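*Asks:* Questions regarding the structure given below will be posed in turn.
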Amino acid sequence: MALNPLVSTPPLGVAQADLDEVEALVRRAGTSFYRGMRVLPPDRRHAMYAIYAFCRIVDDIADEEGTVPEKLAGLAAWRAHVAGLYRGEYEGPVTRILVAAVARFQLREEDFVAVIDGMRMDAETVIVAPDLMTLDLYCDRVAAAVGRLSVRAFGDSSEAADKVAWSLGRALQLTNILRDIKEDADRGRLYLPAEYLDEAGIPHDATAAVTNPALPRVCARLAADAQRHFRDARAHMAKCDPAAMKPARLMGETYAAILTHLEKRGWQDLTARVNLPTWRKLWLLIRYGLG
C-alpha cells in the first residue's frame with residue numbers, strides 16, 4: 001500500500017502526544033528558552049525541549065523540599081534513566097524523545113551524567129563561598145555540560161562547538177549567580193568564590209555578605225570573568241557552523257545584555273531585579289535568532 005504523501009512523520013519519529021506534552025512543559029516554564037528554540041528545525045527543536053525538560057526535572061529534585069537521602073535517590077534514579085537511554089529504554093515522554101535524540105544527534109552520556117552530578121552538588125550541601133576550582137566545576141556541570149548536549153542538537157559537534165559550550169556555559173552561570181545573589185542568600189546560599197571574598201575581607205556567610213560594603217568589588221570582579229567568557233564564546237562561535245550556532249548566539253547575547261544591565265545597576269541594591277525589556281528581547285531575537 002502506498003504511503004500518503006500528505007501525512008508527515010512527527011519530529012524524531014516520536015508520537016505527537018509525547019512531543020506535545022514535553023513542549024507544553026517547556027512553555028509553562030515561562031522562560032525565554034521556549035521562544036529562542038523556535039528558530040530550530042522541528043527535529044532539533046524537540047530534542048532541545050527534551051534536554052531542557054530533563055534539566056528542569058533534575059534541578060527540581062535538587063532544589064525543592066525534601067531530605068538529602070530523598071534527593072539523592074531521585075537523582076540516582078535519573079542516572080539510571082540516562083544509562084537506559086543508551087540501551088534504547090524509556091519510561092515516559094521525556095525519555096522517549098531523548099532516546100530518539102541520542103540516536104539522531106549523538107548526544108553523549110557523560111554530559112547527561114555531568115548535569116546530574118552538578119545537581120547533586122546542590123542537593124548534598126548548601127553551597128557557601130566555594131573555592132574557584134569548585135565553582136568552575138559547578139559551572140561546567142550545571143551549564144557547560146548542557147551546552148555540550150545543546151550544540152550537538154543544534155547541529156555542530158566540532159571541537160570548536162565544545163569550546164563554545166565551555167565558555168558560554170561559564171558565562172551564563174556566572175551571570176545567573178550575579179543576578180540571583182539576594183535570592184540565593186535568602187536560602188542560605190552564596191556562590192561567590194571564596195578567594196574573591198577573602199581578598200575583599202568579606203565573611204563566608206550569605207546574610208553578612210550581601211550587606212558588606214565591599215560586595216560590589218567582588219561582584220565587579222566576577223562580572224569581568226563572565227565578560228571574558230562571553231568574548232571567548234564569540235571567538236569560538238566564529239569557527240563553527242553559523243546556522244547551527246544561531247540559538248547559542250541568541251542565548252549568549254541575551255545573557256550578555258543582562259550582565260551589562262547588572263553592571264550598570266551595580267550591586268548596592270540587590271533587591272532591584274534586572275530583566276530585559278520586551279523590545280530588547282525582540283531585537284535580540286531578530287538580530288541573532290532570525291538573522
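Please note that chains go A, B, ... in the order of the C-alpha cells, that every chain numbers its residues from 1, and that ligands are numbered from 1 in the order shown.
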Determine which residues of region 230-275 of chain A DSSP labels as helix (DSSP H, G or I) from the backbone of this structure, then write them out as a PyMOL selection string.
*Replies:* chain A and resi 230-237+246-265
*Asks:* What lies within 9 Å of region 16-23 of chain A using only C-alpha atoms, ignoring chain neighbours under 4 positions off, as an MDAnalysis selection string?
*Replies:* chainID A and resid 10:11 27:28 34 46 49:50 53 92:94 96:97
*Asks:* Do you have the CA of Arg87 (chain A)-CA of Ala123 (chain A) distance handy?
*Replies:*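 Going from CA of Arg87 (chain A) over to CA of Ala123 (chain A) covers 27.7 Å.
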*Asks:* Have a look at CA of Gly266 (chain A) and CA of Ala220 (chain A) and let me know their distance in Å, one decimal.
*Replies:* 8.3 Å
*Asks:* Find the residues around Leu75 (chain A) up to 8 Å (only C-alpha atoms counted), leave out those fewer than 4 positions away in its own chain, and share them as a list in words.
*Replies:*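 After dropping sequence-adjacent residues, the list is Val58, Ile61, Ala62, Lys71, Arg79, Ile116, Met119 and Arg120 of chain A.
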*Asks:* Which one is closest to Leu259 (chain A): A:His81, A:Arg228, A:Arg187, A:Arg45? Count only C-alpha atoms.
*Replies:*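 Comparing A:His81, A:Arg228, A:Arg187, A:Arg45 against Leu259 (chain A), the winner is A:Arg228.
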*Asks:* Counting only C-alpha atoms, figure out which residue out of A:Leu215, A:Leu149, A:Val128, A:Ala244 gets nearest to Gln268 (chain A).
*Replies:*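 Using only C-alpha atoms, the shortest distance to Gln268 (chain A) belongs to A:Leu215.
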*Asks:* Find the residues near Gly201 (chain A): any atom within 12 Å, counting only C-alpha atoms, skip ones fewer than 4 places away on the same chain, and give them as a PDB file with N, CA and C atoms, in the first residue's frame.
*Replies:*
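Printed below is result.pdb as written:
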ATOM      1  N   ALA A 194      35.358  31.946  47.203  1.00  0.00           N
ATOM      2  CA  ALA A 194      35.999  32.219  48.493  1.00  0.00           C
ATOM      3  C   ALA A 194      37.206  33.138  48.336  1.00  0.00           C
ATOM      4  N   GLU A 195      38.018  32.919  47.296  1.00  0.00           N
ATOM      5  CA  GLU A 195      39.226  33.723  47.128  1.00  0.00           C
ATOM      6  C   GLU A 195      38.889  35.205  46.952  1.00  0.00           C
ATOM      7  N   TYR A 196      37.841  35.503  46.181  1.00  0.00           N
ATOM      8  CA  TYR A 196      37.455  36.894  45.958  1.00  0.00           C
ATOM      9  C   TYR A 196      36.908  37.510  47.246  1.00  0.00           C
ATOM     10  N   LEU A 197      36.117  36.729  47.986  1.00  0.00           N
ATOM     11  CA  LEU A 197      35.568  37.218  49.252  1.00  0.00           C
ATOM     12  C   LEU A 197      36.694  37.488  50.250  1.00  0.00           C
ATOM     13  N   ASP A 205      29.589  34.050  54.816  1.00  0.00           N
ATOM     14  CA  ASP A 205      28.234  33.935  55.366  1.00  0.00           C
ATOM     15  C   ASP A 205      27.305  34.677  54.422  1.00  0.00           C
ATOM     16  N   ALA A 208      25.607  37.947  55.877  1.00  0.00           N
ATOM     17  CA  ALA A 208      26.573  39.020  56.117  1.00  0.00           C
ATOM     18  C   ALA A 208      27.159  39.546  54.805  1.00  0.00           C
ATOM     19  N   ALA A 209      27.347  38.667  53.833  1.00  0.00           N
ATOM     20  CA  ALA A 209      27.999  39.070  52.589  1.00  0.00           C
ATOM     21  C   ALA A 209      27.164  40.074  51.805  1.00  0.00           C
ATOM     22  N   ASN A 212      27.640  43.587  53.053  1.00  0.00           N
ATOM     23  CA  ASN A 212      29.003  44.067  53.241  1.00  0.00           C
ATOM     24  C   ASN A 212      29.328  45.153  52.204  1.00  0.00           C
ATOM     25  N   PRO A 213      29.901  46.275  52.614  1.00  0.00           N
ATOM     26  CA  PRO A 213      30.178  47.358  51.655  1.00  0.00           C
ATOM     27  C   PRO A 213      31.182  46.994  50.574  1.00  0.00           C
ATOM     28  N   ALA A 214      31.959  45.934  50.780  1.00  0.00           N
ATOM     29  CA  ALA A 214      32.945  45.526  49.771  1.00  0.00           C
ATOM     30  C   ALA A 214      32.357  44.581  48.726  1.00  0.00           C
ATOM     31  N   LEU A 215      31.085  44.190  48.900  1.00  0.00           N
ATOM     32  CA  LEU A 215      30.489  43.223  47.978  1.00  0.00           C
ATOM     33  C   LEU A 215      30.529  43.692  46.518  1.00  0.00           C
ATOM     34  N   ARG A 217      32.695  45.204  44.883  1.00  0.00           N
ATOM     35  CA  ARG A 217      34.015  44.945  44.308  1.00  0.00           C
ATOM     36  C   ARG A 217      34.153  43.480  43.888  1.00  0.00           C
ATOM     37  N   VAL A 218      33.634  42.591  44.705  1.00  0.00           N
ATOM     38  CA  VAL A 218      33.674  41.163  44.372  1.00  0.00           C
ATOM     39  C   VAL A 218      32.795  40.880  43.157  1.00  0.00           C
TER      40      VAL A 218
END
*Asks:* So how many Å separate CA of His229 (chain A) and CA of Asp111 (chain A), to one decimal?
*Replies:*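 Here the two named atoms are 20.1 Å from each other.
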*Asks:* Excluding region 180-184 of chain A and any residue of its chain fewer than 5 positions from it, enumerate the residues within 8 Å of it, using only C-alpha atoms, and give them as a list in words.
*Replies:*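 Here the answer would be Arg189, Leu190, Tyr191, Val210, Leu270 and Thr271 of chain A.
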*Asks:* Could those residues be written to a file, using C-alpha atoms, as an mmCIF file, in the first residue's frame?
*Replies:*
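Result saved to out11.cif:
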data_model
loop_
_atom_site.group_PDB
_atom_site.id
_atom_site.type_symbol
_atom_site.label_atom_id
_atom_site.label_comp_id
_atom_site.auth_asym_id
_atom_site.auth_seq_id
_atom_site.Cartn_x
_atom_site.Cartn_y
_atom_site.Cartn_z
ATOM 1 C CA ARG A 189 23.466 30.030 49.601
ATOM 2 C CA LEU A 190 26.437 32.076 48.399
ATOM 3 C CA TYR A 191 28.072 31.146 45.089
ATOM 4 C CA VAL A 210 25.008 40.723 50.909
ATOM 5 C CA LEU A 270 20.334 43.687 45.326
ATOM 6 C CA THR A 271 16.535 43.839 45.594
#
